[in-house]
file start.cif (mmCIF, C-alpha atoms)
data_run
loop_
_atom_site.label_atom_id
_atom_site.label_comp_id
_atom_site.auth_asym_id
_atom_site.auth_seq_id
_atom_site.Cartn_x
_atom_site.Cartn_y
_atom_site.Cartn_z
CA MET A 1 81.74 121.76 234.62
CA SER A 2 78.58 119.72 234.12
CA LYS A 3 76.01 121.39 231.88
CA ASP A 4 73.35 119.41 233.72
CA LEU A 5 74.37 120.89 237.07
CA ARG A 6 74.25 124.39 235.61
CA GLU A 7 70.77 123.63 234.32
CA GLU A 8 69.76 122.43 237.79
CA ILE A 9 70.90 125.75 239.29
CA ARG A 10 69.05 127.65 236.56
CA ASN A 11 65.90 125.65 237.33
CA ALA A 12 66.25 126.23 241.07
CA LEU A 13 66.49 129.98 240.52
CA ASN A 14 63.54 129.97 238.12
CA GLU A 15 61.49 128.07 240.67
CA TRP A 16 62.37 130.68 243.30
CA LEU A 17 61.50 133.53 240.90
CA THR A 18 58.12 131.94 240.07
CA ALA A 19 57.24 131.59 243.76
CA PHE A 20 58.47 135.12 244.54
CA ASN A 21 56.59 136.68 241.64
CA SER A 22 53.43 134.90 242.80
CA ASN A 23 54.07 136.52 246.20
CA ASP A 24 53.55 132.99 247.56
CA LEU A 25 55.26 133.18 250.95
CA ALA A 26 54.98 129.47 251.83
CA SER A 27 56.40 128.36 248.46
CA VAL A 28 59.29 130.84 248.64
CA ILE A 29 60.17 129.79 252.18
CA ASP A 30 60.10 126.13 251.13
CA LEU A 31 62.98 126.87 248.72
CA TYR A 32 65.38 128.08 251.44
CA ASP A 33 68.18 126.19 253.14
CA PRO A 34 67.90 126.34 256.98
CA GLU A 35 71.21 128.28 257.05
CA ILE A 36 70.01 130.97 254.59
CA VAL A 37 71.81 134.32 254.73
CA PHE A 38 70.17 137.25 252.93
CA ALA A 39 72.72 140.04 252.50
CA ASN A 40 70.57 142.84 251.09
CA GLN A 41 72.21 146.14 250.20
CA SER A 42 69.60 148.26 252.01
CA ASN A 43 68.91 146.29 255.18
CA PRO A 44 70.81 144.52 257.96
CA VAL A 45 71.81 140.97 257.14
CA ALA A 46 69.03 138.42 257.73
CA ILE A 47 70.24 135.04 259.00
CA GLY A 48 67.93 132.04 259.17
CA ILE A 49 64.51 131.31 257.75
CA SER A 50 62.47 133.23 260.33
CA ALA A 51 64.45 136.45 259.73
CA VAL A 52 64.18 136.05 255.97
CA LYS A 53 60.45 135.30 256.24
CA GLU A 54 59.91 138.50 258.21
CA GLY A 55 61.62 140.49 255.44
CA LEU A 56 59.61 138.77 252.70
CA ILE A 57 56.33 139.58 254.45
CA LYS A 58 57.32 143.27 254.41
CA SER A 59 58.45 143.05 250.77
CA PHE A 60 55.21 141.45 249.60
CA VAL A 61 53.24 144.51 250.74
CA VAL A 62 54.23 146.17 247.42
CA ARG A 63 53.39 143.00 245.40
CA PRO A 64 56.88 142.83 243.87
CA LYS A 65 57.79 141.20 240.57
CA LEU A 66 61.38 140.35 239.66
CA SER A 67 63.03 139.77 236.30
CA PHE A 68 66.54 138.36 235.97
CA LYS A 69 69.29 138.44 233.34
CA GLU A 70 71.91 135.73 233.80
CA GLU A 71 75.61 136.66 233.71
CA GLN A 72 77.27 133.56 235.18
CA ILE A 73 76.40 130.12 236.54
CA ILE A 74 78.96 127.90 238.25
CA ALA A 75 78.03 124.58 239.82
CA ALA A 76 79.58 121.49 241.37
CA ASN A 77 78.05 118.54 243.17
CA GLY A 78 76.54 120.07 246.27
CA LEU A 79 76.91 123.82 245.67
CA GLY A 80 76.35 126.25 242.83
CA TYR A 81 75.35 129.82 242.08
CA ALA A 82 73.64 132.04 239.57
CA ALA A 83 74.76 135.66 239.21
CA GLY A 84 73.26 138.39 237.11
CA GLN A 85 71.15 141.52 236.94
CA TYR A 86 67.66 141.98 238.37
CA LYS A 87 64.85 144.44 237.97
CA MET A 88 62.07 144.77 240.53
CA THR A 89 58.73 146.48 240.08
CA GLY A 90 56.06 146.89 242.72
CA THR A 91 52.99 148.93 243.57
CA HIS A 92 52.84 151.38 246.44
CA PRO A 93 49.98 150.13 248.66
CA GLN A 94 48.75 153.61 249.59
CA ASP A 95 48.76 155.57 246.34
CA GLY A 96 49.11 152.84 243.71
CA SER A 97 52.26 154.36 242.27
CA THR A 98 54.87 152.15 240.68
CA ILE A 99 58.03 151.29 242.59
CA THR A 100 61.12 150.16 240.67
CA GLY A 101 64.60 148.99 241.57
CA ALA A 102 67.48 147.32 239.78
CA GLY A 103 70.86 145.88 240.57
CA ARG A 104 73.05 142.85 240.49
CA VAL A 105 72.48 139.67 242.53
CA VAL A 106 74.10 136.35 243.38
CA ALA A 107 72.00 133.39 244.54
CA ILE A 108 73.96 130.44 245.94
CA PHE A 109 72.19 127.09 246.20
CA ARG A 110 73.10 124.02 248.26
CA LYS A 111 71.78 120.53 247.53
CA ASN A 112 70.05 118.98 250.55
CA ARG A 113 69.91 115.32 251.58
CA ASP A 114 66.81 114.81 249.41
CA GLY A 115 68.69 116.03 246.35
CA ALA A 116 66.83 119.35 246.15
CA TRP A 117 68.68 122.62 245.59
CA LYS A 118 67.91 125.17 248.33
CA LEU A 119 68.86 128.85 248.43
CA VAL A 120 71.55 129.33 251.10
CA PHE A 121 73.02 132.78 250.29
CA ASP A 122 71.57 135.79 248.51
CA MET A 123 73.34 139.14 248.04
CA ASP A 124 72.57 142.15 245.89
CA ASN A 125 74.08 145.53 245.09
CA ALA A 126 73.39 148.46 242.78
CA PRO A 127 76.37 149.16 240.50
CA PRO A 128 76.27 151.79 237.73
CA ASP A 129 76.41 149.39 234.75
CA VAL A 130 73.11 147.58 235.34
CA ASN A 131 71.00 147.92 232.18
CA LEU A 132 68.08 145.55 232.64
CA MET B 1 79.48 119.69 256.72
CA ASN B 2 83.08 118.87 255.89
CA LYS B 3 85.22 120.90 258.34
CA VAL B 4 88.35 120.25 256.30
CA ALA B 5 86.80 121.83 253.22
CA LYS B 6 85.55 124.80 255.26
CA ASP B 7 89.06 125.36 256.63
CA GLU B 8 90.46 125.14 253.11
CA ILE B 9 88.02 127.87 252.05
CA ARG B 10 89.08 129.99 255.05
CA LYS B 11 92.74 129.55 254.08
CA ALA B 12 92.05 130.45 250.45
CA CYS B 13 90.31 133.59 251.66
CA GLN B 14 93.19 134.47 254.00
CA ASP B 15 95.73 133.93 251.18
CA TRP B 16 93.71 136.39 249.10
CA ILE B 17 93.63 138.96 251.93
CA ASP B 18 97.39 138.62 252.49
CA ALA B 19 98.20 139.16 248.82
CA PHE B 20 95.77 142.09 248.65
CA ASN B 21 97.20 143.77 251.74
CA ASP B 22 100.74 143.26 250.38
CA HIS B 23 99.62 144.90 247.09
CA ASP B 24 101.27 141.93 245.37
CA ILE B 25 99.40 141.91 242.06
CA ASP B 26 101.04 138.77 240.63
CA GLN B 27 100.41 136.75 243.79
CA LEU B 28 96.86 138.06 243.97
CA MET B 29 96.06 137.17 240.36
CA SER B 30 97.52 133.68 240.82
CA LEU B 31 94.62 133.02 243.21
CA TYR B 32 91.94 133.54 240.54
CA ASP B 33 89.99 131.03 238.47
CA PRO B 34 90.17 131.71 234.68
CA GLU B 35 86.39 132.36 234.65
CA ALA B 36 86.49 134.82 237.57
CA SER B 37 84.15 137.79 237.73
CA TYR B 38 84.05 140.72 240.16
CA SER B 39 80.75 142.47 240.90
CA THR B 40 81.54 145.47 243.04
CA SER B 41 78.87 147.87 244.26
CA ASP B 42 80.58 151.04 243.05
CA GLY B 43 81.84 150.14 239.59
CA PRO B 44 81.05 148.12 236.51
CA ARG B 45 81.28 144.33 236.57
CA ARG B 46 84.72 142.96 235.71
CA ALA B 47 84.41 139.63 233.87
CA SER B 48 87.97 138.74 232.84
CA LEU B 49 91.30 138.32 234.59
CA ALA B 50 92.76 141.24 232.62
CA SER B 51 89.93 143.53 233.71
CA ILE B 52 90.16 142.39 237.35
CA ARG B 53 93.93 142.98 237.29
CA GLU B 54 93.46 146.46 235.87
CA GLY B 55 90.98 147.26 238.66
CA PHE B 56 93.37 146.16 241.39
CA LEU B 57 96.25 148.17 239.94
CA GLU B 58 94.03 151.27 240.09
CA HIS B 59 92.91 150.41 243.63
CA PHE B 60 96.47 149.87 244.87
CA MET B 61 97.14 153.58 244.22
CA VAL B 62 95.45 154.29 247.59
CA ARG B 63 97.46 151.59 249.39
CA PRO B 64 94.38 149.73 250.72
CA HIS B 65 94.39 147.45 253.74
CA ALA B 66 91.43 145.16 254.38
CA THR B 67 90.31 143.49 257.59
CA VAL B 68 87.55 140.89 257.32
CA PHE B 69 85.09 139.36 259.78
CA GLU B 70 83.59 135.99 258.93
CA GLU B 71 79.83 135.49 258.96
CA GLN B 72 79.38 132.23 257.01
CA VAL B 73 81.48 129.58 255.28
CA ILE B 74 79.88 126.79 253.23
CA ALA B 75 81.69 124.20 251.14
CA GLY B 76 80.13 121.58 248.89
CA GLY B 77 82.01 119.42 246.44
CA ASP B 78 84.39 121.54 244.42
CA VAL B 79 82.72 124.88 245.14
CA GLY B 80 82.66 126.82 248.41
CA TYR B 81 82.27 130.37 249.67
CA TRP B 82 83.22 132.74 252.44
CA ALA B 83 80.90 135.59 253.43
CA GLY B 84 81.44 138.36 255.93
CA ASN B 85 81.95 142.04 256.45
CA PHE B 86 85.03 144.15 255.94
CA ILE B 87 86.74 147.39 256.84
CA MET B 88 88.96 148.86 254.15
CA LYS B 89 91.44 151.54 255.15
CA ALA B 90 93.46 153.47 252.59
CA THR B 91 95.36 156.70 252.02
CA ASN B 92 94.51 159.36 249.46
CA PRO B 93 97.74 159.78 247.43
CA GLU B 94 97.07 163.48 246.77
CA ASP B 95 96.72 164.76 250.32
CA ASN B 96 97.52 161.70 252.47
CA SER B 97 94.05 161.86 254.04
CA ALA B 98 92.61 158.66 255.43
CA ILE B 99 89.93 156.73 253.52
CA GLU B 100 87.72 154.17 255.21
CA GLU B 101 85.02 151.95 253.72
CA ARG B 102 82.88 149.29 255.32
CA GLY B 103 80.80 146.68 253.59
CA ARG B 104 79.80 143.06 253.20
CA VAL B 105 81.43 140.64 250.77
CA VAL B 106 81.02 137.12 249.42
CA VAL B 107 83.86 135.31 247.67
CA VAL B 108 83.20 132.00 245.91
CA PHE B 109 86.04 129.55 245.30
CA ARG B 110 86.24 126.63 242.86
CA LYS B 111 88.74 123.79 243.10
CA SER B 112 91.10 123.71 240.12
CA GLU B 113 92.42 120.60 238.34
CA SER B 114 95.51 120.87 240.57
CA GLU B 115 93.20 120.77 243.65
CA ASP B 116 93.84 124.42 244.59
CA TRP B 117 90.89 126.61 245.53
CA LYS B 118 90.67 129.56 243.12
CA LEU B 119 88.47 132.63 243.48
CA VAL B 120 85.75 132.54 240.82
CA PHE B 121 83.22 135.15 242.04
CA ASP B 122 83.48 138.22 244.25
CA MET B 123 80.64 140.57 245.17
CA ASP B 124 80.24 143.32 247.76
CA ASN B 125 77.69 145.82 248.97
CA ARG B 126 77.38 148.58 251.58
CA PRO B 127 74.44 147.72 253.89
CA PRO B 128 73.50 149.84 256.93
CA ASP B 129 74.49 147.27 259.56
CA VAL B 130 78.19 147.43 258.71
CA GLN B 131 78.37 151.20 258.36
CA LYS B 132 78.26 151.88 262.11
CA VAL B 133 81.60 152.74 263.71
#
call {"tool": "encode", "arguments": {"input": "start.cif", "output": "structure tokens"}}
result
Amino acid sequence: MSKDLREEIRNALNEWLTAFNSNDLASVIDLYDPEIVFANQSNPVAIGISAVKEGLIKSFVVRPKLSFKEEQIIAANGLGYAAGQYKMTGTHPQDGSTITGAGRVVAIFRKNRDGAWKLVFDMDNAPPDVNL
Amino acid sequence: MNKVAKDEIRKACQDWIDAFNDHDIDQLMSLYDPEASYSTSDGPRRASLASIREGFLEHFMVRPHATVFEEQVIAGGDVGYWAGNFIMKATNPEDNSAIEERGRVVVVFRKSESEDWKLVFDMDNRPPDVQKV
């Protein structure tokens, strides 16, 4: 497997994390593939950019920040993924209390015609061995 | 998108389901990539073939049978994935009571040097939209 391709996937995820942690809706949305599927553990599956955007708008109410610990990256020409653990912190908008969550996630990226990696599938869960 | 590659991913997924439902551990493990990892929602991550095999042998004690429903298939180059939801039915070996689980799953395949698609990543969760009967 090409180390360069793995690095491209790592960069694509880092770019997504930077946009998400800035709560910058337009920048996050710009990083999605038109066929995005967001398979969140706590909500119905969101298919397509408008459904994902609606979920992000709700998420950004708590001003979330994500950190990520890589466990595996696999990539080929055209498709690749990063899998690992995440930790989320946010702030309750009404009482200012801290909200936290943690789990495991996979982010699958597809290269578009312009050569840019776009997020096409995102799934998370909450297994017992997460230690981030 | 390449329909041939998508159909190859579908077939690789079906081969996995068939081996799983037959409880054929050797056939099942022959479908895995050497770097495979399994990230289930209700247990620790399994990051080696030996660990994945051990998990299946434990799971086969309840004689599981999985039915899957496709939601998305994407293939690009030598990597592709199948995503969908599943119903898992099983039997408790102690009292023969029925067990049923529903969830969503993604399985990623990578083409081997011999041009076979091998399962390299498997993750599931239990979201509310697949829990309804």
call {"tool": "closest_residue", "arguments": {"input": "start.cif", "among": "B:Thr67, B:Gln131, B:Asn125, B:Ser97", "to": "Thr40 (chain B)", "atoms": "only C-alpha atoms"}}
result
B:Asn125
call {"tool": "atom_distance", "arguments": {"input": "start.cif", "atom1": "CA of Leu56 (chain A)", "atom2": "CA of Ala26 (chain A)"}}
result
10.4 Å
call {"tool": "interface_residues", "arguments": {"input": "start.cif", "of": "chain B", "to": "chain A", "cutoff": "6 Å", "atoms": "only C-alpha atoms", "output": "MDAnalysis selection string"}}
result
chainID B and resid 41:44 76:79 125:127 129
call {"tool": "write_last_selection", "arguments": {"input": "start.cif", "atoms": "C-alpha atoms", "output": "JSON list (two decimals), in the coordinates of the input"}}
result
[["chain", "number", "residue", "atom", "x", "y", "z"],
["B", 41, "SER", "CA", 78.87, 147.87, 244.26],
["B", 42, "ASP", "CA", 80.58, 151.04, 243.05],
["B", 43, "GLY", "CA", 81.84, 150.14, 239.59],
["B", 44, "PRO", "CA", 81.05, 148.12, 236.51],
["B", 76, "GLY", "CA", 80.13, 121.58, 248.89],
["B", 77, "GLY", "CA", 82.01, 119.42, 246.44],
["B", 78, "ASP", "CA", 84.39, 121.54, 244.42],
["B", 79, "VAL", "CA", 82.72, 124.88, 245.14],
["B", 125, "ASN", "CA", 77.69, 145.82, 248.97],
["B", 126, "ARG", "CA", 77.38, 148.58, 251.58],
["B", 127, "PRO", "CA", 74.44, 147.72, 253.89],
["B", 129, "ASP", "CA", 74.49, 147.27, 259.56]]
call {"tool": "atom_distance", "arguments": {"input": "start.cif", "atom1": "CA of Gln85 (chain A)", "atom2": "CA of Leu25 (chain A)"}}
result
22.8 Å
call {"tool": "resolve_selection", "arguments": {"input": "start.cif", "expression": "the PyMOL selection byres ((chain A and resi 63) around 10)", "output": "list in words"}}
result
Phe20, Asn21, Ser22, Asn23, Lys58, Ser59, Phe60, Val61, Val62, Pro64, Lys65, Thr89, Gly90, Thr91, His92, Pro93 and Ile99 of chain A
call {"tool": "closest_residue", "arguments": {"input": "start.cif", "among": "A:Gly96, A:Ala102, A:Gly115, A:Ala12", "to": "Lys69 (chain A)", "atoms": "all atoms listed in the file"}}
result
A:Ala102
call {"tool": "residues_around", "arguments": {"input": "start.cif", "residues": "Glu15 (chain A)", "least_positions_apart": "3", "cutoff": "12 Å", "atoms": "all atoms listed in the file", "output": "number ranges by chain"}}
result
A: 8-12, 18-22, 24, 27-32, 116-119
call {"tool": "write_last_selection", "arguments": {"input": "start.cif", "atoms": "C-alpha atoms", "output": "mmCIF file, keeping the file's coordinate frame"}}
result
data_model
loop_
_atom_site.group_PDB
_atom_site.id
_atom_site.type_symbol
_atom_site.label_atom_id
_atom_site.label_comp_id
_atom_site.auth_asym_id
_atom_site.auth_seq_id
_atom_site.Cartn_x
_atom_site.Cartn_y
_atom_site.Cartn_z
ATOM 1 C CA GLU A 8 69.760 122.430 237.790
ATOM 2 C CA ILE A 9 70.900 125.750 239.290
ATOM 3 C CA ARG A 10 69.050 127.650 236.560
ATOM 4 C CA ASN A 11 65.900 125.650 237.330
ATOM 5 C CA ALA A 12 66.250 126.230 241.070
ATOM 6 C CA THR A 18 58.120 131.940 240.070
ATOM 7 C CA ALA A 19 57.240 131.590 243.760
ATOM 8 C CA PHE A 20 58.470 135.120 244.540
ATOM 9 C CA ASN A 21 56.590 136.680 241.640
ATOM 10 C CA SER A 22 53.430 134.900 242.800
ATOM 11 C CA ASP A 24 53.550 132.990 247.560
ATOM 12 C CA SER A 27 56.400 128.360 248.460
ATOM 13 C CA VAL A 28 59.290 130.840 248.640
ATOM 14 C CA ILE A 29 60.170 129.790 252.180
ATOM 15 C CA ASP A 30 60.100 126.130 251.130
ATOM 16 C CA LEU A 31 62.980 126.870 248.720
ATOM 17 C CA TYR A 32 65.380 128.080 251.440
ATOM 18 C CA ALA A 116 66.830 119.350 246.150
ATOM 19 C CA TRP A 117 68.680 122.620 245.590
ATOM 20 C CA LYS A 118 67.910 125.170 248.330
ATOM 21 C CA LEU A 119 68.860 128.850 248.430
#
call {"tool": "resolve_selection", "arguments": {"input": "start.cif", "expression": "the PyMOL selection byres ((chain B and resi 14) around 12)", "output": "number ranges by chain"}}
result
B: 7-13, 15-21, 28, 31, 66-70, 82, 107, 117, 119
call {"tool": "atom_distance", "arguments": {"input": "start.cif", "atom1": "CA of Lys87 (chain A)", "atom2": "CA of Arg6 (chain A)"}}
result
22.3 Å
call {"tool": "closest_residue", "arguments": {"input": "start.cif", "among": "A:Ser67, A:Gly55, A:Trp16, A:Ala82", "to": "Val108 (chain B)", "atoms": "all atoms listed in the file"}}
result
A:Ala82
call {"tool": "resolve_selection", "arguments": {"input": "start.cif", "expression": "the PyMOL selection byres ((chain B and resi 52) around 12)", "output": "number ranges by chain"}}
result
B: 25-26, 28-40, 43-51, 53-59, 119-122
call {"tool": "write_last_selection", "arguments": {"input": "start.cif", "atoms": "C-alpha atoms", "output": "PDB file, in the coordinates of the input"}}
result
ATOM      1  CA  ILE B  25      99.400 141.910 242.060  1.00  0.00           C
ATOM      2  CA  ASP B  26     101.040 138.770 240.630  1.00  0.00           C
ATOM      3  CA  LEU B  28      96.860 138.060 243.970  1.00  0.00           C
ATOM      4  CA  MET B  29      96.060 137.170 240.360  1.00  0.00           C
ATOM      5  CA  SER B  30      97.520 133.680 240.820  1.00  0.00           C
ATOM      6  CA  LEU B  31      94.620 133.020 243.210  1.00  0.00           C
ATOM      7  CA  TYR B  32      91.940 133.540 240.540  1.00  0.00           C
ATOM      8  CA  ASP B  33      89.990 131.030 238.470  1.00  0.00           C
ATOM      9  CA  PRO B  34      90.170 131.710 234.680  1.00  0.00           C
ATOM     10  CA  GLU B  35      86.390 132.360 234.650  1.00  0.00           C
ATOM     11  CA  ALA B  36      86.490 134.820 237.570  1.00  0.00           C
ATOM     12  CA  SER B  37      84.150 137.790 237.730  1.00  0.00           C
ATOM     13  CA  TYR B  38      84.050 140.720 240.160  1.00  0.00           C
ATOM     14  CA  SER B  39      80.750 142.470 240.900  1.00  0.00           C
ATOM     15  CA  THR B  40      81.540 145.470 243.040  1.00  0.00           C
ATOM     16  CA  GLY B  43      81.840 150.140 239.590  1.00  0.00           C
ATOM     17  CA  PRO B  44      81.050 148.120 236.510  1.00  0.00           C
ATOM     18  CA  ARG B  45      81.280 144.330 236.570  1.00  0.00           C
ATOM     19  CA  ARG B  46      84.720 142.960 235.710  1.00  0.00           C
ATOM     20  CA  ALA B  47      84.410 139.630 233.870  1.00  0.00           C
ATOM     21  CA  SER B  48      87.970 138.740 232.840  1.00  0.00           C
ATOM     22  CA  LEU B  49      91.300 138.320 234.590  1.00  0.00           C
ATOM     23  CA  ALA B  50      92.760 141.240 232.620  1.00  0.00           C
ATOM     24  CA  SER B  51      89.930 143.530 233.710  1.00  0.00           C
ATOM     25  CA  ARG B  53      93.930 142.980 237.290  1.00  0.00           C
ATOM     26  CA  GLU B  54      93.460 146.460 235.870  1.00  0.00           C
ATOM     27  CA  GLY B  55      90.980 147.260 238.660  1.00  0.00           C
ATOM     28  CA  PHE B  56      93.370 146.160 241.390  1.00  0.00           C
ATOM     29  CA  LEU B  57      96.250 148.170 239.940  1.00  0.00           C
ATOM     30  CA  GLU B  58      94.030 151.270 240.090  1.00  0.00           C
ATOM     31  CA  HIS B  59      92.910 150.410 243.630  1.00  0.00           C
ATOM     32  CA  LEU B 119      88.470 132.630 243.480  1.00  0.00           C
ATOM     33  CA  VAL B 120      85.750 132.540 240.820  1.00  0.00           C
ATOM     34  CA  PHE B 121      83.220 135.150 242.040  1.00  0.00           C
ATOM     35  CA  ASP B 122      83.480 138.220 244.250  1.00  0.00           C
TER      36      ASP B 122
END
call {"tool": "closest_residue", "arguments": {"input": "start.cif", "among": "B:His65, B:Lys111, B:Asp22, B:Lys3", "to": "Ala98 (chain B)", "atoms": "all atoms listed in the file"}}
result
B:His65
call {"tool": "closest_residue", "arguments": {"input": "start.cif", "among": "B:Lys118, B:Lys89, B:Arg104, B:His23", "to": "Phe60 (chain B)", "atoms": "all atoms listed in the file"}}
result
B:His23
call {"tool": "axis_aligned_box", "arguments": {"input": "start.cif", "around": "region 30-40 of chain A", "padding_each_side": "5 Å", "output": "lines of an AutoDock Vina configuration file"}}
result
center_x = 66.4
center_y = 134.5
center_z = 252.9
size_x = 22.6
size_y = 26.7
size_z = 18.3
